[in-house]
Amino acid sequence: MLNIMKLTRVFPVIVLIAMSYQSAEAFEVKGEAISTTFCAQGHCETDTCSDEVIYEVDSENSTITRKAVVNRGKSVQGTSFGGLQADNTVYTIVYNDKTLIARKDNSGKSNPNMQQVIKAIGKTGTIDGFETIIIGEDFIHTSRSSADYFVIYYYKRKALP
């Protein structure tokens, strides 16, 4: 009988702990690149590409982690980074709120809508690289800078399998 009384006191605590893990604010987002702009030595080139990226957004810990990159585009600065690359770059969330975003519909009219927008910044590369990420409900924008180049990606959000 004493064990049942202990169990009835411990069980609600176990349920609360389990519920807190289920309600964690972490989710993954996947983007497929629509365009990229690469700038170096005063020249910029915009191109279409089909690179993909997967991020894990952890609102509770205010971080975004880049989990994987699939490079299908041109080589950057004479080097090829093709194929799937596992990654664990961590970014710090600096903004997470609803924002009014104007989009043009098929008729060319501006159609404003509210979207949850998350912005983050992180150190990439080994020396001086930094990257900002903006994640909306239907897009991902990134901009990466270094001492000798600047890259902007526009991704369309894709459903995860």
# chains A, B, ... in the order shown; residues from 1 in each chain; ligands from 1
>>> residues_around(residues="A:Ile135", least_positions_apart="5", cutoff="10 Å", atoms="only C-alpha atoms", output="ChimeraX atom specification")
/A:29,31,55,57,96,115-120,140-142,155-157
>>> write_last_selection(atoms="N, CA and C atoms", output="mmCIF file, in the first residue's frame")
data_model
loop_
_atom_site.group_PDB
_atom_site.id
_atom_site.type_symbol
_atom_site.label_atom_id
_atom_site.label_comp_id
_atom_site.auth_asym_id
_atom_site.auth_seq_id
_atom_site.Cartn_x
_atom_site.Cartn_y
_atom_site.Cartn_z
ATOM 1 N N VAL A 29 13.407 22.950 -40.522
ATOM 2 C CA VAL A 29 12.957 23.612 -41.747
ATOM 3 C C VAL A 29 13.925 23.235 -42.869
ATOM 4 N N GLY A 31 14.947 24.192 -46.980
ATOM 5 C CA GLY A 31 14.800 25.155 -48.052
ATOM 6 C C GLY A 31 15.496 24.697 -49.313
ATOM 7 N N TYR A 55 17.709 23.232 -41.475
ATOM 8 C CA TYR A 55 18.014 23.846 -40.185
ATOM 9 C C TYR A 55 17.114 23.254 -39.114
ATOM 10 N N VAL A 57 15.428 24.551 -35.700
ATOM 11 C CA VAL A 57 15.144 25.755 -34.928
ATOM 12 C C VAL A 57 14.752 25.321 -33.521
ATOM 13 N N ASN A 96 12.423 36.808 -32.964
ATOM 14 C CA ASN A 96 11.450 35.745 -33.200
ATOM 15 C C ASN A 96 10.067 36.315 -32.913
ATOM 16 N N GLN A 115 3.549 36.836 -40.908
ATOM 17 C CA GLN A 115 4.302 35.590 -40.842
ATOM 18 C C GLN A 115 5.166 35.588 -39.592
ATOM 19 N N GLN A 116 5.348 34.398 -39.041
ATOM 20 C CA GLN A 116 6.326 34.238 -37.974
ATOM 21 C C GLN A 116 7.697 34.341 -38.637
ATOM 22 N N VAL A 117 8.537 35.252 -38.156
ATOM 23 C CA VAL A 117 9.863 35.455 -38.734
ATOM 24 C C VAL A 117 10.903 35.280 -37.637
ATOM 25 N N ILE A 118 11.918 34.478 -37.946
ATOM 26 C CA ILE A 118 13.002 34.206 -36.999
ATOM 27 C C ILE A 118 14.299 34.669 -37.649
ATOM 28 N N LYS A 119 15.074 35.473 -36.917
ATOM 29 C CA LYS A 119 16.356 35.950 -37.427
ATOM 30 C C LYS A 119 17.456 35.476 -36.487
ATOM 31 N N ALA A 120 18.586 35.064 -37.076
ATOM 32 C CA ALA A 120 19.701 34.558 -36.271
ATOM 33 C C ALA A 120 21.020 34.929 -36.934
ATOM 34 N N ILE A 140 13.388 31.227 -46.716
ATOM 35 C CA ILE A 140 14.602 31.333 -45.898
ATOM 36 C C ILE A 140 15.552 32.225 -46.689
ATOM 37 N N HIS A 141 16.107 33.249 -46.053
ATOM 38 C CA HIS A 141 17.143 34.092 -46.660
ATOM 39 C C HIS A 141 18.396 33.925 -45.823
ATOM 40 N N THR A 142 19.537 33.826 -46.468
ATOM 41 C CA THR A 142 20.802 33.817 -45.735
ATOM 42 C C THR A 142 21.763 34.788 -46.407
ATOM 43 N N TYR A 155 15.901 30.999 -50.401
ATOM 44 C CA TYR A 155 15.353 29.652 -50.432
ATOM 45 C C TYR A 155 13.845 29.689 -50.313
ATOM 46 N N LYS A 156 13.200 28.769 -50.973
ATOM 47 C CA LYS A 156 11.774 28.539 -50.784
ATOM 48 C C LYS A 156 11.651 27.395 -49.779
ATOM 49 N N ARG A 157 10.825 27.581 -48.738
ATOM 50 C CA ARG A 157 10.646 26.523 -47.747
ATOM 51 C C ARG A 157 9.957 25.330 -48.392
#
>>> select_by_dssp(residues="stretch 51-158 of chain A", states="strand (DSSP E)", output="short mmCIF file (atom, residue, chain, number, x, y, z; two decimals) with C-alpha atoms, in the first residue's frame")
data_model
loop_
_atom_site.label_atom_id
_atom_site.label_comp_id
_atom_site.auth_asym_id
_atom_site.auth_seq_id
_atom_site.Cartn_x
_atom_site.Cartn_y
_atom_site.Cartn_z
CA GLU A 52 19.21 22.73 -50.37
CA VAL A 53 19.63 23.33 -46.66
CA ILE A 54 18.11 21.91 -43.46
CA TYR A 55 18.01 23.85 -40.18
CA GLU A 56 16.80 22.85 -36.74
CA VAL A 57 15.14 25.76 -34.93
CA ASP A 58 15.20 25.51 -31.12
CA THR A 63 19.43 28.65 -31.38
CA ILE A 64 19.28 27.48 -34.96
CA THR A 65 21.55 24.64 -36.05
CA ARG A 66 22.35 24.02 -39.70
CA LYS A 67 22.08 20.25 -40.03
CA ALA A 68 22.88 19.65 -43.68
CA VAL A 69 23.67 21.36 -46.98
CA VAL A 70 23.30 19.88 -50.45
CA ASN A 71 25.43 21.90 -52.90
CA GLY A 83 27.09 17.02 -52.75
CA LEU A 84 25.67 16.45 -49.29
CA GLN A 85 27.59 18.01 -46.43
CA ALA A 86 26.72 17.34 -42.81
CA ASP A 87 26.96 20.44 -40.71
CA ASN A 88 26.42 21.55 -37.12
CA THR A 89 26.91 25.32 -37.37
CA VAL A 90 25.02 27.00 -34.50
CA TYR A 91 23.37 30.41 -34.83
CA THR A 92 21.95 32.58 -32.05
CA ILE A 93 18.35 33.73 -32.51
CA VAL A 94 18.15 37.52 -32.19
CA TYR A 95 14.52 38.00 -33.29
CA ASN A 96 11.45 35.75 -33.20
CA ASP A 97 8.09 37.42 -33.76
CA LYS A 98 5.19 37.94 -36.17
CA THR A 99 6.00 40.41 -38.94
CA LEU A 100 3.91 41.94 -41.70
CA ILE A 101 5.34 40.90 -45.07
CA ALA A 102 4.13 42.28 -48.41
CA ARG A 103 3.94 39.75 -51.23
CA LYS A 104 2.81 40.36 -54.79
CA SER A 110 0.60 43.75 -53.02
CA ASN A 111 -0.90 41.23 -50.62
CA PRO A 112 0.35 41.82 -47.06
CA ASN A 113 0.26 38.92 -44.61
CA MET A 114 1.58 38.19 -41.14
CA GLN A 115 4.30 35.59 -40.84
CA GLN A 116 6.33 34.24 -37.97
CA VAL A 117 9.86 35.45 -38.73
CA ILE A 118 13.00 34.21 -37.00
CA LYS A 119 16.36 35.95 -37.43
CA ALA A 120 19.70 34.56 -36.27
CA ILE A 121 23.43 35.18 -36.64
CA GLY A 122 26.37 32.82 -36.35
CA LYS A 123 30.07 32.45 -37.02
CA THR A 124 30.88 30.36 -40.06
CA GLY A 129 32.97 34.39 -41.65
CA PHE A 130 29.56 35.38 -40.31
CA GLU A 131 26.11 34.42 -41.55
CA THR A 132 22.66 35.80 -40.90
CA ILE A 133 19.54 33.70 -41.38
CA ILE A 134 15.98 34.90 -41.78
CA ILE A 135 13.32 32.17 -41.66
CA PHE A 139 11.06 31.39 -47.26
CA ILE A 140 14.60 31.33 -45.90
CA HIS A 141 17.14 34.09 -46.66
CA THR A 142 20.80 33.82 -45.73
CA SER A 143 23.71 36.19 -46.14
CA ARG A 144 27.27 35.06 -45.48
CA SER A 145 30.19 37.43 -45.38
CA PHE A 150 29.64 38.04 -49.72
CA VAL A 151 26.90 35.52 -50.63
CA ILE A 152 23.12 35.90 -50.47
CA TYR A 153 20.77 32.91 -50.83
CA TYR A 154 17.00 32.98 -51.26
CA TYR A 155 15.35 29.65 -50.43
CA LYS A 156 11.77 28.54 -50.78
CA ARG A 157 10.65 26.52 -47.75
CA LYS A 158 9.88 22.89 -48.53
#
>>> atom_distance(atom1="atom CA of A:Gly108", atom2="atom CA of A:Ser50")
25.7 Å
>>> residues_around(residues="A:Asp47", least_positions_apart="2", cutoff="10 Å", atoms="only C-alpha atoms", output="mmCIF file with all heavy atoms, in the first residue's frame")
data_model
loop_
_atom_site.group_PDB
_atom_site.id
_atom_site.type_symbol
_atom_site.label_atom_id
_atom_site.label_comp_id
_atom_site.auth_asym_id
_atom_site.auth_seq_id
_atom_site.Cartn_x
_atom_site.Cartn_y
_atom_site.Cartn_z
ATOM 1 N N ILE A 34 16.366 29.245 -54.625
ATOM 2 C CA ILE A 34 15.797 29.789 -55.852
ATOM 3 C C ILE A 34 16.861 30.602 -56.583
ATOM 4 O O ILE A 34 17.014 30.517 -57.785
ATOM 5 C CB ILE A 34 14.578 30.678 -55.538
ATOM 6 C CG1 ILE A 34 13.517 29.892 -54.768
ATOM 7 C CG2 ILE A 34 14.007 31.309 -56.793
ATOM 8 C CD1 ILE A 34 12.965 28.697 -55.501
ATOM 9 N N SER A 35 17.614 31.395 -55.810
ATOM 10 C CA SER A 35 18.682 32.194 -56.410
ATOM 11 C C SER A 35 19.788 32.424 -55.395
ATOM 12 O O SER A 35 19.583 32.317 -54.191
ATOM 13 C CB SER A 35 18.154 33.537 -56.916
ATOM 14 O OG SER A 35 17.780 34.350 -55.826
ATOM 15 N N THR A 36 20.948 32.742 -55.930
ATOM 16 C CA THR A 36 22.094 33.090 -55.103
ATOM 17 C C THR A 36 22.837 34.243 -55.759
ATOM 18 O O THR A 36 22.893 34.333 -56.994
ATOM 19 C CB THR A 36 23.032 31.885 -54.899
ATOM 20 O OG1 THR A 36 24.114 32.275 -54.067
ATOM 21 C CG2 THR A 36 23.577 31.365 -56.207
ATOM 22 N N THR A 37 23.358 35.120 -54.939
ATOM 23 C CA THR A 37 24.173 36.225 -55.433
ATOM 24 C C THR A 37 25.528 36.136 -54.756
ATOM 25 O O THR A 37 25.611 36.118 -53.526
ATOM 26 C CB THR A 37 23.516 37.584 -55.131
ATOM 27 O OG1 THR A 37 22.229 37.625 -55.747
ATOM 28 C CG2 THR A 37 24.374 38.725 -55.647
ATOM 29 N N PHE A 38 26.562 36.058 -55.556
ATOM 30 C CA PHE A 38 27.934 35.948 -55.051
ATOM 31 C C PHE A 38 28.675 37.226 -55.420
ATOM 32 O O PHE A 38 28.703 37.618 -56.583
ATOM 33 C CB PHE A 38 28.624 34.728 -55.667
ATOM 34 C CG PHE A 38 30.046 34.567 -55.226
ATOM 35 C CD1 PHE A 38 30.340 34.046 -53.976
ATOM 36 C CD2 PHE A 38 31.099 34.940 -56.054
ATOM 37 C CE1 PHE A 38 31.658 33.898 -53.557
ATOM 38 C CE2 PHE A 38 32.410 34.793 -55.651
ATOM 39 C CZ PHE A 38 32.690 34.270 -54.392
ATOM 40 N N CYS A 44 29.422 41.406 -58.574
ATOM 41 C CA CYS A 44 28.374 40.517 -58.073
ATOM 42 C C CYS A 44 27.751 39.761 -59.234
ATOM 43 O O CYS A 44 27.574 40.314 -60.323
ATOM 44 C CB CYS A 44 27.290 41.304 -57.345
ATOM 45 S SG CYS A 44 27.856 42.077 -55.826
ATOM 46 N N GLU A 45 27.427 38.513 -58.986
ATOM 47 C CA GLU A 45 26.802 37.681 -59.996
ATOM 48 C C GLU A 45 25.639 36.942 -59.357
ATOM 49 O O GLU A 45 25.807 36.232 -58.365
ATOM 50 C CB GLU A 45 27.827 36.675 -60.540
ATOM 51 C CG GLU A 45 27.302 35.784 -61.625
ATOM 52 C CD GLU A 45 28.375 34.818 -62.141
ATOM 53 O OE1 GLU A 45 29.551 35.206 -62.216
ATOM 54 O OE2 GLU A 45 28.004 33.663 -62.436
ATOM 55 N N CYS A 49 19.982 28.468 -58.737
ATOM 56 C CA CYS A 49 20.652 27.253 -58.284
ATOM 57 C C CYS A 49 19.633 26.363 -57.595
ATOM 58 O O CYS A 49 18.495 26.779 -57.352
ATOM 59 C CB CYS A 49 21.829 27.567 -57.355
ATOM 60 S SG CYS A 49 21.369 28.213 -55.764
ATOM 61 N N GLY A 73 25.312 23.755 -56.967
ATOM 62 C CA GLY A 73 25.629 24.905 -57.805
ATOM 63 C C GLY A 73 27.054 24.900 -58.293
ATOM 64 O O GLY A 73 27.766 23.905 -58.261
ATOM 65 N N LYS A 74 27.482 26.088 -58.741
ATOM 66 C CA LYS A 74 28.835 26.284 -59.252
ATOM 67 C C LYS A 74 29.850 26.169 -58.132
ATOM 68 O O LYS A 74 29.532 26.306 -56.963
ATOM 69 C CB LYS A 74 28.965 27.686 -59.841
ATOM 70 C CG LYS A 74 28.152 27.970 -61.034
ATOM 71 C CD LYS A 74 28.504 29.367 -61.473
ATOM 72 C CE LYS A 74 27.600 29.869 -62.555
ATOM 73 N NZ LYS A 74 27.957 31.216 -62.953
ATOM 74 N N TYR A 153 21.618 33.991 -50.323
ATOM 75 C CA TYR A 153 20.773 32.915 -50.831
ATOM 76 C C TYR A 153 19.314 33.245 -50.534
ATOM 77 O O TYR A 153 18.994 33.750 -49.467
ATOM 78 C CB TYR A 153 21.079 31.581 -50.147
ATOM 79 C CG TYR A 153 22.199 30.786 -50.757
ATOM 80 C CD1 TYR A 153 23.493 30.935 -50.310
ATOM 81 C CD2 TYR A 153 21.949 29.869 -51.765
ATOM 82 C CE1 TYR A 153 24.534 30.186 -50.854
ATOM 83 C CE2 TYR A 153 22.981 29.121 -52.317
ATOM 84 C CZ TYR A 153 24.257 29.286 -51.857
ATOM 85 O OH TYR A 153 25.280 28.543 -52.399
#
